[in-house]
$ cat entry_18.cif   # mmCIF, C-alpha atoms and all ligand atoms
data_coords
#
loop_
_atom_site.group_PDB
_atom_site.id
_atom_site.type_symbol
_atom_site.label_atom_id
_atom_site.label_comp_id
_atom_site.auth_asym_id
_atom_site.auth_seq_id
_atom_site.Cartn_x
_atom_site.Cartn_y
_atom_site.Cartn_z
ATOM 1 C CA MET A 11 -9.391 25.360 5.101
ATOM 2 C CA SER A 12 -6.304 26.828 3.483
ATOM 3 C CA ASP A 13 -5.098 30.347 3.980
ATOM 4 C CA ALA A 14 -1.479 31.480 3.547
ATOM 5 C CA TYR A 15 -1.238 30.207 0.000
ATOM 6 C CA SER A 16 1.392 31.980 -2.020
ATOM 7 C CA ARG A 17 1.225 32.025 -5.815
ATOM 8 C CA PRO A 18 3.789 29.915 -7.644
ATOM 9 C CA VAL A 19 6.463 32.401 -8.605
ATOM 10 C CA PRO A 20 9.599 31.162 -10.393
ATOM 11 C CA GLY A 21 12.298 30.605 -7.807
ATOM 12 C CA HIS A 22 9.719 30.474 -5.064
ATOM 13 C CA VAL A 23 8.130 27.396 -3.515
ATOM 14 C CA PRO A 24 4.534 27.879 -2.336
ATOM 15 C CA VAL A 25 3.740 26.999 1.259
ATOM 16 C CA LEU A 26 0.173 25.817 1.827
ATOM 17 C CA ARG A 27 -1.403 25.785 5.266
ATOM 18 C CA LEU A 28 -3.737 22.903 6.110
ATOM 19 C CA GLY A 29 -4.932 23.395 9.666
ATOM 20 C CA ASP A 30 -1.980 22.716 11.924
ATOM 21 C CA VAL A 31 0.359 21.616 9.154
ATOM 22 C CA LEU A 32 2.333 23.463 6.479
ATOM 23 C CA LEU A 33 2.424 21.561 3.193
ATOM 24 C CA VAL A 34 5.283 22.142 0.777
ATOM 25 C CA THR A 35 5.462 20.411 -2.598
ATOM 26 C CA LEU A 36 8.871 20.356 -4.248
ATOM 27 C CA GLN A 37 8.890 19.827 -8.002
ATOM 28 C CA GLY A 38 11.576 19.228 -10.600
ATOM 29 C CA ASP A 39 14.992 20.760 -10.306
ATOM 30 C CA LEU A 40 15.490 23.301 -7.538
ATOM 31 C CA HIS A 41 18.077 26.050 -7.633
ATOM 32 C CA ASP A 42 20.256 26.230 -4.548
ATOM 33 C CA SER A 43 18.935 29.717 -3.853
ATOM 34 C CA THR A 44 15.309 28.545 -4.112
ATOM 35 C CA ALA A 45 15.939 25.807 -1.540
ATOM 36 C CA GLN A 46 17.591 28.295 0.811
ATOM 37 C CA GLN A 47 14.730 30.763 0.361
ATOM 38 C CA LEU A 48 12.262 28.010 1.266
ATOM 39 C CA GLN A 49 14.220 27.230 4.421
ATOM 40 C CA GLN A 50 13.952 30.862 5.488
ATOM 41 C CA ASP A 51 10.260 31.164 4.497
ATOM 42 C CA LEU A 52 9.377 28.068 6.518
ATOM 43 C CA ALA A 53 11.040 29.308 9.687
ATOM 44 C CA GLU A 54 9.139 32.575 9.420
ATOM 45 C CA THR A 55 5.821 30.903 8.615
ATOM 46 C CA ILE A 56 6.123 28.401 11.482
ATOM 47 C CA SER A 57 6.826 31.093 14.031
ATOM 48 C CA ARG A 58 4.078 33.365 12.667
ATOM 49 C CA THR A 59 1.363 30.688 12.491
ATOM 50 C CA GLY A 60 2.386 28.376 15.330
ATOM 51 C CA VAL A 61 1.721 25.262 13.259
ATOM 52 C CA ARG A 62 2.872 21.960 14.767
ATOM 53 C CA GLY A 63 3.945 20.187 11.614
ATOM 54 C CA VAL A 64 5.685 20.615 8.260
ATOM 55 C CA LEU A 65 5.057 18.125 5.467
ATOM 56 C CA ILE A 66 7.464 18.240 2.533
ATOM 57 C CA ASP A 67 6.304 16.277 -0.513
ATOM 58 C CA ILE A 68 9.349 15.344 -2.613
ATOM 59 C CA SER A 69 7.614 12.835 -4.910
ATOM 60 C CA GLY A 70 8.233 15.198 -7.821
ATOM 61 C CA VAL A 71 11.949 15.556 -7.074
ATOM 62 C CA GLU A 72 14.273 13.640 -9.395
ATOM 63 C CA ILE A 73 17.478 14.014 -7.440
ATOM 64 C CA VAL A 74 18.508 14.898 -3.898
ATOM 65 C CA ASP A 75 22.182 15.720 -3.616
ATOM 66 C CA SER A 76 24.121 16.601 -0.465
ATOM 67 C CA PHE A 77 23.105 20.249 -0.771
ATOM 68 C CA LEU A 78 19.346 19.619 -0.884
ATOM 69 C CA GLY A 79 19.759 16.854 1.695
ATOM 70 C CA ARG A 80 21.401 19.318 4.041
ATOM 71 C CA VAL A 81 18.694 21.927 3.452
ATOM 72 C CA LEU A 82 15.989 19.347 4.310
ATOM 73 C CA ALA A 83 17.864 18.350 7.475
ATOM 74 C CA GLU A 84 18.263 21.998 8.475
ATOM 75 C CA ILE A 85 14.564 22.677 7.873
ATOM 76 C CA ALA A 86 13.726 19.783 10.216
ATOM 77 C CA ALA A 87 16.195 21.038 12.831
ATOM 78 C CA GLN A 88 14.947 24.605 12.804
ATOM 79 C CA ALA A 89 11.291 23.476 12.805
ATOM 80 C CA LYS A 90 12.031 21.386 15.885
ATOM 81 C CA LEU A 91 13.403 24.451 17.648
ATOM 82 C CA LEU A 92 10.125 26.172 16.776
ATOM 83 C CA ALA A 93 8.120 23.270 18.239
ATOM 84 C CA ALA A 94 7.085 21.760 14.908
ATOM 85 C CA ARG A 95 7.767 18.317 13.473
ATOM 86 C CA THR A 96 8.888 17.749 9.895
ATOM 87 C CA VAL A 97 8.082 14.781 7.681
ATOM 88 C CA VAL A 98 9.579 14.314 4.213
ATOM 89 C CA ALA A 99 7.159 12.298 2.097
ATOM 90 C CA GLY A 100 7.187 10.417 -1.179
ATOM 91 C CA MET A 101 10.883 9.989 -1.882
ATOM 92 C CA ARG A 102 11.345 8.120 -5.165
ATOM 93 C CA PRO A 103 13.040 4.713 -4.855
ATOM 94 C CA ALA A 104 15.870 5.742 -7.221
ATOM 95 C CA VAL A 105 16.516 8.787 -5.026
ATOM 96 C CA ALA A 106 16.580 6.674 -1.852
ATOM 97 C CA ILE A 107 19.016 4.176 -3.404
ATOM 98 C CA THR A 108 21.273 7.010 -4.555
ATOM 99 C CA LEU A 109 21.191 8.867 -1.228
ATOM 100 C CA ALA A 110 22.150 5.736 0.707
ATOM 101 C CA GLU A 111 25.052 5.069 -1.660
ATOM 102 C CA LEU A 112 26.127 8.697 -1.478
ATOM 103 C CA GLY A 113 26.349 8.152 2.270
ATOM 104 C CA LEU A 114 23.655 10.634 3.187
ATOM 105 C CA THR A 115 21.447 8.906 5.724
ATOM 106 C CA LEU A 116 19.939 12.123 7.106
ATOM 107 C CA PRO A 117 19.334 11.062 10.683
ATOM 108 C CA GLY A 118 16.788 13.257 12.360
ATOM 109 C CA LEU A 119 14.634 13.419 9.254
ATOM 110 C CA SER A 120 11.286 11.637 9.569
ATOM 111 C CA THR A 121 9.987 10.136 6.352
ATOM 112 C CA ALA A 122 6.723 8.738 5.028
ATOM 113 C CA LEU A 123 5.965 6.898 1.813
ATOM 114 C CA SER A 124 3.129 9.208 0.786
ATOM 115 C CA THR A 125 1.746 12.606 1.720
ATOM 116 C CA GLU A 126 -1.314 10.860 3.188
ATOM 117 C CA ALA A 127 0.872 8.749 5.460
ATOM 118 C CA GLY A 128 2.940 11.821 6.324
ATOM 119 C CA MET A 129 -0.163 13.812 7.219
ATOM 120 C CA GLU A 130 -1.328 10.981 9.429
ATOM 121 C CA LEU A 131 2.032 10.929 11.223
ATOM 122 C CA LEU A 132 1.834 14.664 11.840
ATOM 123 C CA THR A 133 -1.777 14.861 12.974
ATOM 124 C CA GLN A 134 -1.830 11.764 15.191
ATOM 125 C CA GLN A 135 0.671 13.242 17.606
ATOM 126 C CA THR A 136 -1.784 14.050 20.370
ATOM 127 C CA PRO A 137 -0.106 13.628 23.754
ATOM 128 C CA ALA A 138 -1.254 10.305 25.200
ATOM 129 C CA TYR A 139 -1.634 11.675 28.693
ATOM 130 C CA ARG A 140 -4.208 14.260 27.757
ATOM 131 C CA PRO A 141 -7.408 13.246 29.557
ATOM 132 C CA GLY A 142 -10.490 12.801 27.463
ATOM 133 C CA GLY A 143 -8.550 11.963 24.327
ATOM 134 C CA PRO A 144 -7.939 14.210 21.373
ATOM 135 C CA ARG A 145 -9.753 17.507 21.406
ATOM 136 C CA GLN A 146 -10.316 19.921 18.561
ATOM 137 C CA GLU A 147 -9.187 23.384 19.568
ATOM 138 C CA SER A 148 -10.706 25.214 16.650
ATOM 139 C CA PRO A 149 -13.010 24.307 13.774
ATOM 140 C CA MET R 13 22.993 3.725 -33.977
ATOM 141 C CA HIS R 14 23.951 6.167 -31.298
ATOM 142 C CA THR R 15 25.428 9.415 -32.304
ATOM 143 C CA ALA R 16 27.163 11.866 -30.061
ATOM 144 C CA ALA R 17 24.548 14.507 -30.870
ATOM 145 C CA GLY R 18 22.803 15.628 -27.711
ATOM 146 C CA VAL R 19 25.307 13.754 -25.552
ATOM 147 C CA GLU R 20 28.602 15.541 -26.101
ATOM 148 C CA ALA R 21 28.748 19.059 -24.771
ATOM 149 C CA CYS R 22 30.873 21.511 -22.880
ATOM 150 C CA LEU R 23 28.904 23.479 -20.300
ATOM 151 C CA PRO R 24 30.058 26.412 -18.180
ATOM 152 C CA ILE R 25 29.748 26.181 -14.383
ATOM 153 C CA ARG R 26 29.569 29.733 -13.108
ATOM 154 C CA SER R 27 26.335 29.971 -11.096
ATOM 155 C CA ASP R 28 23.718 27.803 -9.400
ATOM 156 C CA MET R 29 21.632 28.236 -12.569
ATOM 157 C CA ASP R 30 24.454 26.462 -14.443
ATOM 158 C CA LEU R 31 24.187 23.561 -11.965
ATOM 159 C CA VAL R 32 20.596 23.099 -13.139
ATOM 160 C CA TRP R 33 21.736 22.956 -16.801
ATOM 161 C CA VAL R 34 24.477 20.473 -15.930
ATOM 162 C CA ARG R 35 21.993 18.180 -14.187
ATOM 163 C CA GLN R 36 19.506 18.443 -17.044
ATOM 164 C CA HIS R 37 22.139 17.714 -19.660
ATOM 165 C CA VAL R 38 23.501 14.680 -17.807
ATOM 166 C CA ARG R 39 19.979 13.340 -17.237
ATOM 167 C CA GLN R 40 19.050 13.673 -20.894
ATOM 168 C CA ALA R 41 22.387 12.309 -22.192
ATOM 169 C CA ALA R 42 22.230 9.295 -19.857
ATOM 170 C CA ALA R 43 18.630 8.577 -20.894
ATOM 171 C CA GLN R 44 19.604 8.815 -24.545
ATOM 172 C CA LEU R 45 22.420 6.298 -24.029
ATOM 173 C CA GLY R 46 20.013 3.824 -22.453
ATOM 174 C CA PHE R 47 20.870 4.219 -18.764
ATOM 175 C CA GLY R 48 18.182 2.844 -16.448
ATOM 176 C CA LEU R 49 16.384 5.161 -14.037
ATOM 177 C CA VAL R 50 18.529 4.305 -11.009
ATOM 178 C CA ASP R 51 21.779 4.679 -12.970
ATOM 179 C CA GLN R 52 20.583 7.991 -14.386
ATOM 180 C CA THR R 53 19.781 9.211 -10.899
ATOM 181 C CA LYS R 54 23.186 8.146 -9.573
ATOM 182 C CA LEU R 55 25.073 9.829 -12.391
ATOM 183 C CA VAL R 56 23.045 13.057 -12.198
ATOM 184 C CA THR R 57 23.598 13.160 -8.428
ATOM 185 C CA ALA R 58 27.350 12.599 -8.817
ATOM 186 C CA ALA R 59 27.455 15.324 -11.489
ATOM 187 C CA SER R 60 25.580 17.698 -9.201
ATOM 188 C CA GLU R 61 28.105 17.128 -6.392
ATOM 189 C CA LEU R 62 31.123 17.568 -8.653
ATOM 190 C CA ALA R 63 29.732 20.615 -10.464
ATOM 191 C CA ARG R 64 28.969 22.264 -7.133
ATOM 192 C CA ASN R 65 32.545 21.612 -5.981
ATOM 193 C CA THR R 66 33.794 23.178 -9.243
ATOM 194 C CA LEU R 67 31.638 26.216 -8.494
ATOM 195 C CA VAL R 68 32.137 26.551 -4.748
ATOM 196 C CA HIS R 69 35.699 25.329 -4.182
ATOM 197 C CA GLY R 70 37.174 25.816 -7.663
ATOM 198 C CA GLY R 71 35.699 29.269 -8.281
ATOM 199 C CA GLY R 72 33.880 28.099 -11.418
ATOM 200 C CA GLY R 73 34.879 26.104 -14.474
ATOM 201 C CA GLN R 74 33.242 23.733 -16.913
ATOM 202 C CA MET R 75 31.921 20.237 -17.530
ATOM 203 C CA GLU R 76 32.731 18.300 -20.655
ATOM 204 C CA ALA R 77 30.542 15.321 -21.552
ATOM 205 C CA THR R 78 31.890 12.610 -23.857
ATOM 206 C CA HIS R 79 30.163 9.589 -25.359
ATOM 207 C CA LEU R 80 32.125 6.330 -25.009
ATOM 208 C CA SER R 81 31.391 3.124 -26.838
ATOM 209 C CA SER R 82 33.077 -0.166 -26.162
ATOM 210 C CA GLY R 83 32.012 -3.554 -27.508
ATOM 211 C CA GLY R 84 28.449 -2.354 -27.977
ATOM 212 C CA ALA R 85 28.218 -0.858 -24.488
ATOM 213 C CA GLN R 86 27.422 2.826 -24.164
ATOM 214 C CA GLY R 87 29.235 4.990 -21.674
ATOM 215 C CA LEU R 88 29.226 8.582 -20.570
ATOM 216 C CA ARG R 89 32.320 10.368 -19.335
ATOM 217 C CA LEU R 90 32.048 13.676 -17.507
ATOM 218 C CA ALA R 91 35.074 15.872 -16.848
ATOM 219 C CA PHE R 92 34.788 18.755 -14.370
ATOM 220 C CA THR R 93 37.607 21.266 -14.669
ATOM 221 C CA ASP R 94 38.479 24.409 -12.782
ATOM 222 C CA GLU R 95 41.495 26.632 -12.366
ATOM 223 C CA GLY R 96 40.960 27.162 -8.671
ATOM 224 C CA PRO R 97 43.228 26.579 -5.675
ATOM 225 C CA GLY R 98 43.520 22.816 -6.219
ATOM 226 C CA ILE R 99 43.515 20.173 -3.498
ATOM 227 C CA ALA R 100 46.683 19.722 -1.458
ATOM 228 C CA ASP R 101 45.692 16.501 0.316
ATOM 229 C CA LEU R 102 43.633 14.252 -1.963
ATOM 230 C CA ASP R 103 43.278 11.426 0.562
ATOM 231 C CA GLN R 104 41.833 13.833 3.081
ATOM 232 C CA ALA R 105 39.477 15.435 0.527
ATOM 233 C CA LEU R 106 38.248 11.983 -0.511
ATOM 234 C CA SER R 107 37.454 10.804 2.991
ATOM 235 C CA ASP R 108 33.829 10.735 4.135
ATOM 236 C CA GLY R 109 32.924 13.760 6.189
ATOM 237 C CA TYR R 110 35.953 15.926 5.412
ATOM 238 C CA THR R 111 35.031 19.478 4.460
ATOM 239 C CA SER R 112 37.114 22.638 4.367
ATOM 240 C CA GLY R 113 33.896 24.664 4.431
ATOM 241 C CA ASP R 114 30.540 24.120 6.079
ATOM 242 C CA GLY R 115 29.374 21.201 3.917
ATOM 243 C CA LEU R 116 28.792 17.627 4.967
ATOM 244 C CA GLY R 117 31.992 16.504 3.274
ATOM 245 C CA MET R 118 30.133 13.744 1.425
ATOM 246 C CA GLY R 119 30.249 15.179 -2.103
ATOM 247 C CA LEU R 120 33.571 13.917 -3.405
ATOM 248 C CA SER R 121 33.643 10.575 -1.578
ATOM 249 C CA GLY R 122 29.954 9.974 -2.306
ATOM 250 C CA ALA R 123 30.266 10.833 -6.013
ATOM 251 C CA ARG R 124 33.103 8.322 -6.253
ATOM 252 C CA ARG R 125 30.807 5.572 -4.951
ATOM 253 C CA LEU R 126 28.073 6.470 -7.439
ATOM 254 C CA VAL R 127 30.126 5.985 -10.620
ATOM 255 C CA HIS R 128 32.021 3.138 -12.266
ATOM 256 C CA ASP R 129 35.277 4.990 -12.729
ATOM 257 C CA PHE R 130 36.620 8.010 -10.867
ATOM 258 C CA GLU R 131 39.839 9.945 -11.492
ATOM 259 C CA ILE R 132 41.004 13.128 -9.867
ATOM 260 C CA ASP R 133 43.845 15.318 -10.971
ATOM 261 C CA SER R 134 44.731 18.326 -8.884
ATOM 262 C CA THR R 135 47.709 20.625 -8.615
ATOM 263 C CA PRO R 136 47.719 23.118 -5.746
ATOM 264 C CA GLY R 137 47.629 26.602 -7.257
ATOM 265 C CA ASP R 138 46.665 25.319 -10.721
ATOM 266 C CA GLY R 139 43.249 23.761 -10.462
ATOM 267 C CA THR R 140 41.361 20.498 -10.348
ATOM 268 C CA THR R 141 39.934 18.063 -12.871
ATOM 269 C CA VAL R 142 37.623 15.238 -11.823
ATOM 270 C CA ARG R 143 36.695 12.652 -14.471
ATOM 271 C CA VAL R 144 33.917 10.137 -13.916
ATOM 272 C CA THR R 145 32.614 7.418 -16.207
ATOM 273 C CA CYS R 146 29.446 5.344 -16.124
ATOM 274 C CA TRP R 147 28.282 2.577 -18.436
ATOM 275 C CA ALA R 148 24.718 1.700 -19.291
ATOM 276 C CA ALA R 149 24.042 -1.769 -17.951
ATOM 277 C CA ARG R 150 22.248 -2.860 -21.081
ATOM 278 C CA PRO R 151 22.845 -1.770 -24.654
ATOM 279 C CA PRO R 152 20.211 0.825 -25.473
ATOM 280 C CA ARG R 153 17.177 0.079 -27.636
ATOM 281 C CA PRO R 154 18.224 -2.763 -29.907
ATOM 282 C CA ARG R 155 15.181 -2.242 -32.160
ATOM 283 C CA GLU R 156 14.994 -0.224 -35.339
ATOM 284 C CA GLU R 157 12.785 2.396 -33.664
ATOM 285 C CA ALA R 158 15.896 3.837 -31.970
HETATM 286 N N1 LIG O 1 37.243 21.499 -7.296
HETATM 287 C C1 LIG O 1 37.817 21.638 -6.097
HETATM 288 N N2 LIG O 1 38.781 22.577 -5.880
HETATM 289 C C2 LIG O 1 39.347 22.727 -4.668
HETATM 290 N N3 LIG O 1 39.034 21.996 -3.581
HETATM 291 C C3 LIG O 1 38.083 21.051 -3.717
HETATM 292 C C4 LIG O 1 37.418 20.812 -4.969
HETATM 293 N N4 LIG O 1 36.547 19.802 -4.794
HETATM 294 C C5 LIG O 1 36.622 19.429 -3.513
HETATM 295 N N5 LIG O 1 37.553 20.165 -2.836
HETATM 296 C C6 LIG O 1 37.957 20.017 -1.425
HETATM 297 O O1 LIG O 1 37.562 18.749 -0.968
HETATM 298 C C7 LIG O 1 36.727 18.881 0.199
HETATM 299 C C8 LIG O 1 35.704 17.762 0.224
HETATM 300 O O2 LIG O 1 34.770 17.921 -0.843
HETATM 301 P P1 LIG O 1 33.290 17.378 -0.652
HETATM 302 O O3 LIG O 1 32.519 17.663 -1.889
HETATM 303 O O4 LIG O 1 33.399 15.954 -0.220
HETATM 304 O O5 LIG O 1 32.763 18.209 0.587
HETATM 305 P P2 LIG O 1 32.171 19.691 0.639
HETATM 306 O O6 LIG O 1 32.020 20.229 -0.750
HETATM 307 O O7 LIG O 1 33.030 20.470 1.557
HETATM 308 O O8 LIG O 1 30.759 19.461 1.306
HETATM 309 P P3 LIG O 1 29.442 18.814 0.606
HETATM 310 O O9 LIG O 1 29.110 17.597 1.401
HETATM 311 O O10 LIG O 1 28.397 19.870 0.719
HETATM 312 O O11 LIG O 1 29.779 18.485 -0.821
HETATM 313 C C9 LIG O 1 36.130 20.259 0.089
HETATM 314 O O12 LIG O 1 35.748 20.767 1.330
HETATM 315 C C10 LIG O 1 37.296 21.044 -0.520
HETATM 316 O O13 LIG O 1 38.226 21.404 0.465
HETATM 317 MG MG MG O 2 30.983 19.212 -2.255
#

$ encode --input "entry_18.cif" --output "structure tokens"
Amino acid sequence: MSDAYSRPVPGHVPVLRLGDVLLVTLQGDLHDSTAQQLQQDLAETISRTGVRGVLIDISGVEIVDSFLGRVLAEIAAQAKLLAARTVVAGMRPAVAITLAELGLTLPGLSTALSTEAGMELLTQQTPAYRPGGPRQESP
Amino acid sequence: MHTAAGVEACLPIRSDMDLVWVRQHVRQAAAQLGFGLVDQTKLVTAASELARNTLVHGGGGQMEATHLSSGGAQGLRLAFTDEGPGIADLDQALSDGYTSGDGLGMGLSGARRLVHDFEIDSTPGDGTTVRVTCWAARPPRPREEA
């Protein structure tokens, strides 16, 4: 069910497509340039594929500073302009405590405790008014 | 006993690759001195903010890490130094949300909240030094295995 899988290249974050959602897993310590490259890649991939959601798994990220925080917020903002929702999943408790104390509350960023919960958030968003309930467009 | 080996260092800050080394060094030094996970995360985050300011606003510089020991407590002091333009209005620079660039303006004020002690020394035209200190809440590994 996954196409658009790019090989893990140093300095490059792979973007995995799962149906209508792009899944990005951030690991370890990211260079500023890698984070910025990801931001650009995601905008291009969203507009090319027309996916409705972006799920960013940060459970493997040890610190989020104001730079990475801003990149995540900008990814969510640009995805919204391209008609996709963004959920940041799996933030470590120590990272959440630190971000709040740093003063970075990142309004506009949706979060979930796990990738499973994040995926649920992103795939449950069927408009309530659609008659006949949720419908699968393609297999 | 705790030796300074692996804790004390002077690292250059010239590129975003150097920011990665700074974070890794601070993480490893703080762990070695017995900092808990949350305190490690706070100190590494503060170091990341200050090192990026050294790089972006100060035009590059260095970080010096020093091991402190007081009454059995272990501390880590980090000094970020550059010879950049300096900061003319410290109060303004230290206020939440102030940025002279396109940042969020949370780096300096946020880093100050994340550490136990924060000192800033800046002379316009000469450069900036920011010194931060954190103490491990508990003395590290009291057993002989340390
Ligand atoms: N080392 C430095 N040399 C010169 N000016 C500095 C230095 N560090 C901070 N400043 C000044 O203080 C301001 C506030 O710094 P702060 O880190 O809070 O915000 P920022 O770097 O602009 O944005 P960000 O939220 O991305 O860190 C900067 O915009 C800059 O004008
Ligand atoms: Mg800054």

$ closest_atom_pairs --input "entry_18.cif" --of "chain R" --to "ligand LIG 1 (chain O)" --cutoff "8 Å" --atoms "all atoms listed in the file" --output "Markdown table"
| residue | atom | partner | partner_atom | distance |
| --- | --- | --- | --- | --- |
| R:Glu61 | CA | O:LIG1 | O11 | 6.0 |
| R:Leu62 | CA | O:LIG1 | O3 | 6.9 |
| R:Arg64 | CA | O:LIG1 | O6 | 7.4 |
| R:Asn65 | CA | O:LIG1 | N4 | 4.5 |
| R:Thr66 | CA | O:LIG1 | N1 | 4.3 |
| R:Leu67 | CA | O:LIG1 | N1 | 7.4 |
| R:Val68 | CA | O:LIG1 | O6 | 7.5 |
| R:His69 | CA | O:LIG1 | N2 | 4.5 |
| R:Gly70 | CA | O:LIG1 | N2 | 4.0 |
| R:Gly71 | CA | O:LIG1 | N2 | 7.7 |
| R:Phe92 | CA | O:LIG1 | N1 | 8.0 |
| R:Thr93 | CA | O:LIG1 | N1 | 7.4 |
| R:Asp94 | CA | O:LIG1 | N1 | 6.3 |
| R:Gly96 | CA | O:LIG1 | N2 | 5.8 |
| R:Pro97 | CA | O:LIG1 | C2 | 5.6 |
| R:Gly98 | CA | O:LIG1 | C2 | 4.5 |
| R:Ile99 | CA | O:LIG1 | N3 | 4.8 |
| R:Leu102 | CA | O:LIG1 | O1 | 7.6 |
| R:Gln104 | CA | O:LIG1 | O1 | 7.7 |
| R:Ala105 | CA | O:LIG1 | O1 | 4.1 |
| R:Leu106 | CA | O:LIG1 | O4 | 6.3 |
| R:Ser107 | CA | O:LIG1 | O4 | 7.3 |
| R:Asp108 | CA | O:LIG1 | O4 | 6.8 |
| R:Gly109 | CA | O:LIG1 | O4 | 6.8 |
| R:Tyr110 | CA | O:LIG1 | C8 | 5.5 |
| R:Thr111 | CA | O:LIG1 | O12 | 3.5 |
| R:Ser112 | CA | O:LIG1 | O12 | 3.8 |
| R:Gly113 | CA | O:LIG1 | O7 | 5.2 |
| R:Asp114 | CA | O:LIG1 | O7 | 6.3 |
| R:Gly115 | CA | O:LIG1 | O8 | 3.4 |
| R:Leu116 | CA | O:LIG1 | O9 | 3.6 |
| R:Gly117 | CA | O:LIG1 | O5 | 3.3 |
| R:Met118 | CA | O:LIG1 | O9 | 4.0 |
| R:Gly119 | CA | O:LIG1 | O3 | 3.4 |
| R:Leu120 | CA | O:LIG1 | O4 | 3.8 |
| R:Ser121 | CA | O:LIG1 | O4 | 5.6 |
| R:Gly122 | CA | O:LIG1 | O4 | 7.2 |
| R:Ser134 | CA | O:LIG1 | N2 | 7.9 |
| R:Gly139 | CA | O:LIG1 | N2 | 6.5 |
| R:Thr140 | CA | O:LIG1 | N1 | 5.2 |
| R:Thr141 | CA | O:LIG1 | N1 | 7.1 |
| R:Val142 | CA | O:LIG1 | N1 | 7.7 |

$ interface_residues --input "entry_18.cif" --of "chain A" --to "chain R" --cutoff "12 Å" --atoms "all atoms listed in the file" --output "ChimeraX atom specification"
/A:21,38-46,71-81,83-84,102-116

$ resolve_selection --input "entry_18.cif" --expression "the PyMOL selection byres (((chain A and resi 66) around 7) and not hetatm)" --output "list in words"
Leu33, Val34, Thr35, Val64, Leu65, Asp67, Ile68, Val97, Val98 and Ala99 of chain A

$ write_last_selection --input "entry_18.cif" --atoms "C-alpha atoms" --output "mmCIF file, keeping the file's coordinate frame"
data_model
loop_
_atom_site.group_PDB
_atom_site.id
_atom_site.type_symbol
_atom_site.label_atom_id
_atom_site.label_comp_id
_atom_site.auth_asym_id
_atom_site.auth_seq_id
_atom_site.Cartn_x
_atom_site.Cartn_y
_atom_site.Cartn_z
ATOM 1 C CA LEU A 33 2.424 21.561 3.193
ATOM 2 C CA VAL A 34 5.283 22.142 0.777
ATOM 3 C CA THR A 35 5.462 20.411 -2.598
ATOM 4 C CA VAL A 64 5.685 20.615 8.260
ATOM 5 C CA LEU A 65 5.057 18.125 5.467
ATOM 6 C CA ASP A 67 6.304 16.277 -0.513
ATOM 7 C CA ILE A 68 9.349 15.344 -2.613
ATOM 8 C CA VAL A 97 8.082 14.781 7.681
ATOM 9 C CA VAL A 98 9.579 14.314 4.213
ATOM 10 C CA ALA A 99 7.159 12.298 2.097
#

$ axis_aligned_box --input "entry_18.cif" --around "range 83-86 of chain A" --padding-each-side "5 Å" --output "AutoDock Vina command-line options"
--center_x 16.0 --center_y 20.5 --center_z 8.8 --size_x 14.5 --size_y 14.3 --size_z 12.7

$ resolve_selection --input "entry_18.cif" --expression "the PyMOL selection byres (((chain R and resi 91) around 12) and not hetatm)" --output "MDAnalysis selection string"
chainID R and resid 20:25 34 38 58:59 62:63 66 73:79 88:90 92:94 129:133 140:146

$ atom_distance --input "entry_18.cif" --atom1 "CA of Val19 in chain R" --atom2 "CA of Gly83 in chain R"
18.7 Å

$ resolve_selection --input "entry_18.cif" --expression "the PyMOL selection byres (((chain A and resi 30) around 9) and not hetatm)" --output "list in words"
Arg27, Leu28, Gly29, Val31, Leu32, Thr59, Gly60, Val61, Arg62, Gly63, Val64, Leu132 and Thr133 of chain A
